[in-house]
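**Student:** What follows is structure.tsv, TSV, N, CA and C atoms and all ligand atoms.
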chain	number	residue	atom	x	y	z
Y	1	MET	N	-116.93	-24.98	-131.91
Y	1	MET	CA	-116.72	-26.15	-131.06
Y	1	MET	C	-116.67	-27.43	-131.91
Y	2	ASN	N	-115.80	-28.34	-131.53
Y	2	ASN	CA	-115.69	-29.58	-132.28
Y	2	ASN	C	-116.86	-30.52	-131.95
Y	3	ASN	N	-117.18	-31.35	-132.94
Y	3	ASN	CA	-118.20	-32.37	-132.73
Y	3	ASN	C	-117.53	-33.66	-132.29
Y	4	ILE	N	-117.85	-34.07	-131.08
Y	4	ILE	CA	-117.15	-35.19	-130.46
Y	4	ILE	C	-118.01	-36.45	-130.47
Y	5	CYS	N	-117.37	-37.56	-130.84
Y	5	CYS	CA	-118.07	-38.85	-130.82
Y	5	CYS	C	-118.29	-39.27	-129.37
Y	6	LEU	N	-119.52	-39.60	-129.05
Y	6	LEU	CA	-119.87	-39.97	-127.68
Y	6	LEU	C	-119.32	-41.34	-127.30
Y	7	VAL	N	-118.95	-42.11	-128.31
Y	7	VAL	CA	-118.43	-43.46	-128.06
Y	7	VAL	C	-116.93	-43.42	-127.78
Y	8	CYS	N	-116.18	-42.77	-128.70
Y	8	CYS	CA	-114.72	-42.89	-128.65
Y	8	CYS	C	-114.00	-41.56	-128.37
Y	9	GLY	N	-114.71	-40.45	-128.42
Y	9	GLY	CA	-114.07	-39.17	-128.14
Y	9	GLY	C	-113.43	-38.52	-129.36
Y	10	TYR	N	-113.53	-39.15	-130.53
Y	10	TYR	CA	-113.02	-38.54	-131.77
Y	10	TYR	C	-113.68	-37.17	-131.92
Y	11	ASP	N	-112.87	-36.15	-132.23
Y	11	ASP	CA	-113.43	-34.79	-132.16
Y	11	ASP	C	-113.49	-34.07	-133.50
Y	12	GLN	N	-113.46	-34.83	-134.59
Y	12	GLN	CA	-113.52	-34.19	-135.91
Y	12	GLN	C	-114.76	-34.60	-136.70
Y	13	LEU	N	-115.82	-34.95	-136.03
Y	13	LEU	CA	-117.05	-35.29	-136.76
Y	13	LEU	C	-117.57	-34.05	-137.48
Y	14	GLU	N	-118.21	-34.29	-138.61
Y	14	GLU	CA	-118.71	-33.15	-139.38
Y	14	GLU	C	-119.93	-32.51	-138.75
Y	15	GLU	N	-120.72	-33.35	-138.08
Y	15	GLU	CA	-121.94	-32.83	-137.43
Y	15	GLU	C	-122.00	-33.35	-136.00
Y	16	PRO	N	-122.77	-32.67	-135.15
Y	16	PRO	CA	-123.01	-33.25	-133.83
Y	16	PRO	C	-123.79	-34.55	-134.00
Y	17	GLN	N	-123.50	-35.55	-133.16
Y	17	GLN	CA	-124.20	-36.83	-133.32
Y	17	GLN	C	-125.69	-36.71	-133.03
Y	18	TYR	N	-126.01	-35.83	-132.10
Y	18	TYR	CA	-127.43	-35.63	-131.78
Y	18	TYR	C	-127.72	-34.14	-131.64
Y	19	VAL	N	-128.80	-33.71	-132.22
Y	19	VAL	CA	-129.31	-32.37	-131.97
Y	19	VAL	C	-130.73	-32.57	-131.47
Y	20	GLU	N	-130.95	-32.22	-130.23
Y	20	GLU	CA	-132.26	-32.43	-129.60
Y	20	GLU	C	-132.76	-33.85	-129.84
Y	21	GLU	N	-131.86	-34.82	-129.61
Y	21	GLU	CA	-132.16	-36.26	-129.72
Y	21	GLU	C	-132.37	-36.76	-131.14
Y	22	VAL	N	-132.19	-35.90	-132.13
Y	22	VAL	CA	-132.26	-36.35	-133.52
Y	22	VAL	C	-130.84	-36.73	-133.96
Y	23	PRO	N	-130.63	-37.99	-134.36
Y	23	PRO	CA	-129.28	-38.44	-134.72
Y	23	PRO	C	-128.83	-37.94	-136.09
Y	24	SER	N	-127.51	-37.86	-136.27
Y	24	SER	CA	-126.94	-37.36	-137.53
Y	24	SER	C	-126.81	-38.48	-138.57
Y	25	TYR	N	-126.74	-39.71	-138.13
Y	25	TYR	CA	-126.47	-40.88	-138.99
Y	25	TYR	C	-125.07	-40.83	-139.61
Y	26	GLU	N	-124.23	-39.92	-139.12
Y	26	GLU	CA	-122.84	-39.88	-139.58
Y	26	GLU	C	-122.07	-41.04	-138.93
Y	27	ILE	N	-121.21	-41.67	-139.72
Y	27	ILE	CA	-120.41	-42.76	-139.18
Y	27	ILE	C	-119.08	-42.22	-138.68
Y	28	CYS	N	-118.75	-42.53	-137.44
Y	28	CYS	CA	-117.48	-42.08	-136.88
Y	28	CYS	C	-116.34	-42.83	-137.57
Y	29	PRO	N	-115.37	-42.12	-138.17
Y	29	PRO	CA	-114.27	-42.79	-138.85
Y	29	PRO	C	-113.36	-43.56	-137.90
Y	30	CYS	N	-113.44	-43.22	-136.64
Y	30	CYS	CA	-112.59	-43.89	-135.66
Y	30	CYS	C	-113.23	-45.18	-135.17
Y	31	CYS	N	-114.33	-45.08	-134.46
Y	31	CYS	CA	-114.91	-46.30	-133.86
Y	31	CYS	C	-115.99	-46.93	-134.73
Y	32	GLY	N	-116.44	-46.23	-135.76
Y	32	GLY	CA	-117.44	-46.80	-136.66
Y	32	GLY	C	-118.87	-46.67	-136.17
Y	33	PHE	N	-119.05	-46.02	-135.04
Y	33	PHE	CA	-120.40	-45.86	-134.50
Y	33	PHE	C	-121.22	-44.93	-135.37
Y	34	GLN	N	-122.44	-45.35	-135.67
Y	34	GLN	CA	-123.34	-44.51	-136.45
Y	34	GLN	C	-124.52	-44.11	-135.58
Y	35	ALA	N	-124.56	-42.83	-135.22
Y	35	ALA	CA	-125.63	-42.34	-134.37
Y	35	ALA	C	-126.97	-42.53	-135.06
Y	36	GLY	N	-127.91	-43.13	-134.36
Y	36	GLY	CA	-129.22	-43.34	-134.93
Y	36	GLY	C	-129.38	-44.73	-135.52
Y	37	PHE	N	-128.26	-45.42	-135.74
Y	37	PHE	CA	-128.32	-46.80	-136.25
Y	37	PHE	C	-127.80	-47.78	-135.21
Y	38	ASP	N	-126.53	-47.59	-134.82
Y	38	ASP	CA	-125.93	-48.54	-133.89
Y	38	ASP	C	-126.56	-48.50	-132.50
Y	39	ASP	N	-127.24	-47.41	-132.20
Y	39	ASP	CA	-127.90	-47.34	-130.90
Y	39	ASP	C	-129.43	-47.35	-131.06
Y	40	ASP	N	-129.88	-47.79	-132.23
Y	40	ASP	CA	-131.32	-47.88	-132.47
Y	40	ASP	C	-131.78	-49.28	-132.04
Y	41	ALA	N	-132.58	-49.31	-131.01
Y	41	ALA	CA	-133.01	-50.59	-130.44
Y	41	ALA	C	-133.67	-51.49	-131.49
Y	42	ALA	N	-134.29	-50.90	-132.49
Y	42	ALA	CA	-135.01	-51.69	-133.48
Y	42	ALA	C	-134.07	-52.44	-134.42
Y	43	SER	N	-132.91	-51.84	-134.72
Y	43	SER	CA	-132.02	-52.46	-135.69
Y	43	SER	C	-130.81	-53.14	-135.06
Y	44	TYR	N	-130.26	-52.52	-134.05
Y	44	TYR	CA	-128.99	-53.01	-133.52
Y	44	TYR	C	-128.89	-52.58	-132.06
Y	45	PRO	N	-129.51	-53.33	-131.20
Y	45	PRO	CA	-129.67	-52.85	-129.82
Y	45	PRO	C	-128.41	-52.83	-128.97
Y	46	GLN	N	-127.70	-51.75	-129.02
Y	46	GLN	CA	-126.55	-51.55	-128.16
Y	46	GLN	C	-126.57	-50.13	-127.64
Y	47	THR	N	-126.30	-49.98	-126.38
Y	47	THR	CA	-126.17	-48.62	-125.85
Y	47	THR	C	-124.78	-48.09	-126.21
Y	48	ILE	N	-124.60	-46.80	-126.06
Y	48	ILE	CA	-123.30	-46.21	-126.34
Y	48	ILE	C	-122.20	-46.83	-125.45
Y	49	PRO	N	-122.42	-46.99	-124.15
Y	49	PRO	CA	-121.37	-47.64	-123.33
Y	49	PRO	C	-121.09	-49.08	-123.76
Y	50	GLU	N	-122.10	-49.80	-124.20
Y	50	GLU	CA	-121.89	-51.17	-124.66
Y	50	GLU	C	-121.08	-51.19	-125.96
Y	51	TYR	N	-121.41	-50.28	-126.87
Y	51	TYR	CA	-120.67	-50.19	-128.13
Y	51	TYR	C	-119.20	-49.87	-127.84
Y	52	ARG	N	-118.99	-48.92	-126.90
Y	52	ARG	CA	-117.62	-48.52	-126.55
Y	52	ARG	C	-116.86	-49.70	-125.94
Y	53	ALA	N	-117.51	-50.41	-125.04
Y	53	ALA	CA	-116.84	-51.53	-124.37
Y	53	ALA	C	-116.42	-52.59	-125.39
Y	54	SER	N	-117.30	-52.85	-126.34
Y	54	SER	CA	-117.01	-53.85	-127.35
Y	54	SER	C	-115.87	-53.38	-128.26
Y	55	TRP	N	-115.89	-52.10	-128.63
Y	55	TRP	CA	-114.84	-51.52	-129.49
Y	55	TRP	C	-113.49	-51.60	-128.79
Y	56	LEU	N	-113.46	-51.24	-127.51
Y	56	LEU	CA	-112.21	-51.26	-126.75
Y	56	LEU	C	-111.69	-52.69	-126.59
Y	57	LYS	N	-112.62	-53.62	-126.41
Y	57	LYS	CA	-112.26	-55.02	-126.24
Y	57	LYS	C	-111.56	-55.56	-127.49
Y	58	HIS	N	-111.91	-55.00	-128.64
Y	58	HIS	CA	-111.29	-55.43	-129.89
Y	58	HIS	C	-110.08	-54.55	-130.24
Y	59	ASP	N	-109.48	-53.94	-129.24
Y	59	ASP	CA	-108.29	-53.11	-129.41
Y	59	ASP	C	-108.54	-51.83	-130.21
Y	60	ALA	N	-109.75	-51.30	-130.10
Y	60	ALA	CA	-110.08	-49.99	-130.66
Y	60	ALA	C	-109.65	-49.82	-132.12
Y	61	PRO	N	-110.12	-50.67	-133.01
Y	61	PRO	CA	-109.75	-50.55	-134.42
Y	61	PRO	C	-110.38	-49.33	-135.07
Y	62	TRP	N	-109.66	-48.69	-136.00
Y	62	TRP	CA	-110.23	-47.57	-136.76
Y	62	TRP	C	-111.14	-48.10	-137.84
Y	63	PHE	N	-112.32	-47.54	-137.93
Y	63	PHE	CA	-113.28	-47.93	-138.96
Y	63	PHE	C	-112.76	-47.51	-140.33
Y	64	MET	N	-112.15	-46.34	-140.39
Y	64	MET	CA	-111.53	-45.86	-141.63
Y	64	MET	C	-110.04	-45.63	-141.34
Y	65	PRO	N	-109.26	-46.68	-141.49
Y	65	PRO	CA	-107.84	-46.62	-141.08
Y	65	PRO	C	-107.06	-45.48	-141.74
Y	66	LYS	N	-107.46	-45.09	-142.95
Y	66	LYS	CA	-106.75	-44.00	-143.64
Y	66	LYS	C	-106.86	-42.68	-142.89
Y	67	GLU	N	-107.92	-42.54	-142.09
Y	67	GLU	CA	-108.14	-41.30	-141.34
Y	67	GLU	C	-107.33	-41.26	-140.05
Y	68	LYS	N	-106.72	-42.36	-139.71
Y	68	LYS	CA	-106.03	-42.44	-138.42
Y	68	LYS	C	-104.75	-41.60	-138.41
Y	69	PRO	N	-104.65	-40.63	-137.50
Y	69	PRO	CA	-103.43	-39.82	-137.43
Y	69	PRO	C	-102.24	-40.68	-136.98
Y	70	ALA	N	-101.06	-40.33	-137.50
Y	70	ALA	CA	-99.86	-41.11	-137.18
Y	70	ALA	C	-99.58	-41.12	-135.67
Y	71	ASN	N	-99.89	-40.01	-135.05
Y	71	ASN	CA	-99.58	-39.91	-133.62
Y	71	ASN	C	-100.81	-40.12	-132.75
Y	72	TRP	N	-101.75	-40.89	-133.25
Y	72	TRP	CA	-103.01	-41.10	-132.54
Y	72	TRP	C	-102.78	-41.74	-131.17
Y	73	ASP	N	-103.50	-41.21	-130.19
Y	73	ASP	CA	-103.36	-41.72	-128.83
Y	73	ASP	C	-104.76	-41.97	-128.27
Y	74	LEU	N	-105.08	-43.23	-128.12
Y	74	LEU	CA	-106.42	-43.62	-127.65
Y	74	LEU	C	-106.77	-42.99	-126.30
Y	75	LYS	N	-105.81	-43.08	-125.38
Y	75	LYS	CA	-106.05	-42.55	-124.04
Y	75	LYS	C	-106.38	-41.06	-124.06
Y	76	GLU	N	-105.60	-40.33	-124.87
Y	76	GLU	CA	-105.82	-38.89	-125.00
Y	76	GLU	C	-107.20	-38.61	-125.58
Y	77	GLN	N	-107.56	-39.36	-126.61
Y	77	GLN	CA	-108.84	-39.13	-127.26
Y	77	GLN	C	-110.01	-39.39	-126.32
Y	78	LEU	N	-109.87	-40.44	-125.51
Y	78	LEU	CA	-110.97	-40.78	-124.59
Y	78	LEU	C	-111.17	-39.72	-123.52
Y	79	LYS	N	-110.15	-38.88	-123.32
Y	79	LYS	CA	-110.30	-37.79	-122.35
Y	79	LYS	C	-111.37	-36.81	-122.81
Y	80	ASN	N	-111.61	-36.76	-124.13
Y	80	ASN	CA	-112.65	-35.85	-124.66
Y	80	ASN	C	-114.03	-36.21	-124.12
Y	81	ILE	N	-114.21	-37.47	-123.75
Y	81	ILE	CA	-115.49	-37.87	-123.18
Y	81	ILE	C	-115.33	-38.28	-121.70
Y	82	ASN	N	-114.23	-37.84	-121.12
Y	82	ASN	CA	-113.96	-38.13	-119.71
Y	82	ASN	C	-114.00	-39.62	-119.41
Y	83	PHE	N	-113.45	-40.40	-120.32
Y	83	PHE	CA	-113.43	-41.84	-120.11
Y	83	PHE	C	-111.98	-42.29	-119.94
Y	84	GLU	N	-111.72	-43.03	-118.87
Y	84	GLU	CA	-110.35	-43.47	-118.62
Y	84	GLU	C	-110.22	-44.97	-118.80
Y	85	ILE	N	-109.08	-45.37	-119.39
Y	85	ILE	CA	-108.80	-46.81	-119.51
Y	85	ILE	C	-107.53	-47.14	-118.77
Y	101	ZN	ZN	-116.28	-42.72	-132.49
In structure tokens, how does this file's structure come out?
Ligand SMILES: [Zn+2]

**Tutor:**
Amino acid sequence: MNNICLVCGYDQLEEPQYVEEVPSYEICPCCGFQAGFDDDAASYPQTIPEYRASWLKHDAPWFMPKEKPANWDLKEQLKNINFEI
């Protein structure tokens, strides 16, 4: 099974973002969300929906643009997390 980013629906993460609530600290190459950091209230208090809303508001930029597939489709990707825009 693919590891899907809970923020943006990117499905090629190397690890699951959370295993029994323990974060991976992997940075999503698509939205840049780092599980365990960007949603850690102590360092950067944003919930996953808030992070997503802010990312979408900025036109969903790729954190690592080189990883972006040529035929990338934001709407399609968001279907992985059942999120519609
Ligand atoms: Zn992501």

**Student:** Report the distance between atom C of Lys79 of chain Y and atom N of Leu13 of chain Y in Å, rounded to one decimal place.

**Tutor:**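 If I compute the distance from atom C of Lys79 of chain Y to atom N of Leu13 of chain Y, I get 14.1 Å.
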
**Student:** Residues at most 7 Å from ligand ZN 101 (chain Y), using all atoms listed in the file? Could they come as a PyMOL selection string?

**Tutor:** chain Y and resi 4-10+27-33

**Student:** Nearest to Leu78 of chain Y among Y:Tyr51, Y:Leu56, Y:Met1, Y:Pro16, with distances taken over only C-alpha atoms: which residue is it?

**Tutor:**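 Closest to Leu78 of chain Y, using only C-alpha atoms: Y:Leu56.
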
**Student:** For the atom pair atom N of Asn2 of chain Y and atom CA of Asn71 of chain Y, what is the interatomic distance in Å to one decimal place?

**Tutor:**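 Atom CA of Asn71 of chain Y lies at a distance of 20.0 Å from atom N of Asn2 of chain Y.
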
**Student:** In Å, rounded to a single decimal, give me how far atom CA of Ser24 of chain Y is from atom CA of Phe37 of chain Y.

**Tutor:**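 About the pair atom CA of Phe37 of chain Y and atom CA of Ser24 of chain Y: they are 9.6 Å apart.
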
**Student:** For segment 58-78 of chain Y, supply N, CA, C and O atoms and format the output as a short mmCIF file (atom, residue, chain, number, x, y, z; two decimals), keeping the file's coordinate frame.

**Tutor:**
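Final file, result_6.cif:
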data_model
loop_
_atom_site.label_atom_id
_atom_site.label_comp_id
_atom_site.auth_asym_id
_atom_site.auth_seq_id
_atom_site.Cartn_x
_atom_site.Cartn_y
_atom_site.Cartn_z
N HIS Y 58 -111.91 -55.00 -128.64
CA HIS Y 58 -111.29 -55.43 -129.89
C HIS Y 58 -110.08 -54.55 -130.24
O HIS Y 58 -109.74 -54.37 -131.42
N ASP Y 59 -109.48 -53.94 -129.24
CA ASP Y 59 -108.29 -53.11 -129.41
C ASP Y 59 -108.54 -51.83 -130.21
O ASP Y 59 -107.65 -51.36 -130.93
N ALA Y 60 -109.75 -51.30 -130.10
CA ALA Y 60 -110.08 -49.99 -130.66
C ALA Y 60 -109.65 -49.82 -132.12
O ALA Y 60 -108.89 -48.91 -132.45
N PRO Y 61 -110.12 -50.67 -133.01
CA PRO Y 61 -109.75 -50.55 -134.42
C PRO Y 61 -110.38 -49.33 -135.07
O PRO Y 61 -111.52 -48.97 -134.76
N TRP Y 62 -109.66 -48.69 -136.00
CA TRP Y 62 -110.23 -47.57 -136.76
C TRP Y 62 -111.14 -48.10 -137.84
O TRP Y 62 -110.76 -49.00 -138.60
N PHE Y 63 -112.32 -47.54 -137.93
CA PHE Y 63 -113.28 -47.93 -138.96
C PHE Y 63 -112.76 -47.51 -140.33
O PHE Y 63 -112.92 -48.22 -141.32
N MET Y 64 -112.15 -46.34 -140.39
CA MET Y 64 -111.53 -45.86 -141.63
C MET Y 64 -110.04 -45.63 -141.34
O MET Y 64 -109.63 -44.53 -140.99
N PRO Y 65 -109.26 -46.68 -141.49
CA PRO Y 65 -107.84 -46.62 -141.08
C PRO Y 65 -107.06 -45.48 -141.74
O PRO Y 65 -106.11 -44.97 -141.15
N LYS Y 66 -107.46 -45.09 -142.95
CA LYS Y 66 -106.75 -44.00 -143.64
C LYS Y 66 -106.86 -42.68 -142.89
O LYS Y 66 -106.05 -41.78 -143.08
N GLU Y 67 -107.92 -42.54 -142.09
CA GLU Y 67 -108.14 -41.30 -141.34
C GLU Y 67 -107.33 -41.26 -140.05
O GLU Y 67 -107.29 -40.24 -139.37
N LYS Y 68 -106.72 -42.36 -139.71
CA LYS Y 68 -106.03 -42.44 -138.42
C LYS Y 68 -104.75 -41.60 -138.41
O LYS Y 68 -103.86 -41.82 -139.22
N PRO Y 69 -104.65 -40.63 -137.50
CA PRO Y 69 -103.43 -39.82 -137.43
C PRO Y 69 -102.24 -40.68 -136.98
O PRO Y 69 -102.40 -41.61 -136.18
N ALA Y 70 -101.06 -40.33 -137.50
CA ALA Y 70 -99.86 -41.11 -137.18
C ALA Y 70 -99.58 -41.12 -135.67
O ALA Y 70 -99.10 -42.10 -135.13
N ASN Y 71 -99.89 -40.01 -135.05
CA ASN Y 71 -99.58 -39.91 -133.62
C ASN Y 71 -100.81 -40.12 -132.75
O ASN Y 71 -100.91 -39.61 -131.65
N TRP Y 72 -101.75 -40.89 -133.25
CA TRP Y 72 -103.01 -41.10 -132.54
C TRP Y 72 -102.78 -41.74 -131.17
O TRP Y 72 -101.99 -42.67 -131.04
N ASP Y 73 -103.50 -41.21 -130.19
CA ASP Y 73 -103.36 -41.72 -128.83
C ASP Y 73 -104.76 -41.97 -128.27
O ASP Y 73 -105.52 -41.04 -128.00
N LEU Y 74 -105.08 -43.23 -128.12
CA LEU Y 74 -106.42 -43.62 -127.65
C LEU Y 74 -106.77 -42.99 -126.30
O LEU Y 74 -107.84 -42.43 -126.11
N LYS Y 75 -105.81 -43.08 -125.38
CA LYS Y 75 -106.05 -42.55 -124.04
C LYS Y 75 -106.38 -41.06 -124.06
O LYS Y 75 -107.28 -40.59 -123.38
N GLU Y 76 -105.60 -40.33 -124.87
CA GLU Y 76 -105.82 -38.89 -125.00
C GLU Y 76 -107.20 -38.61 -125.58
O GLU Y 76 -107.92 -37.72 -125.12
N GLN Y 77 -107.56 -39.36 -126.61
CA GLN Y 77 -108.84 -39.13 -127.26
C GLN Y 77 -110.01 -39.39 -126.32
O GLN Y 77 -111.00 -38.67 -126.32
N LEU Y 78 -109.87 -40.44 -125.51
CA LEU Y 78 -110.97 -40.78 -124.59
C LEU Y 78 -111.17 -39.72 -123.52
O LEU Y 78 -112.23 -39.63 -122.91
#
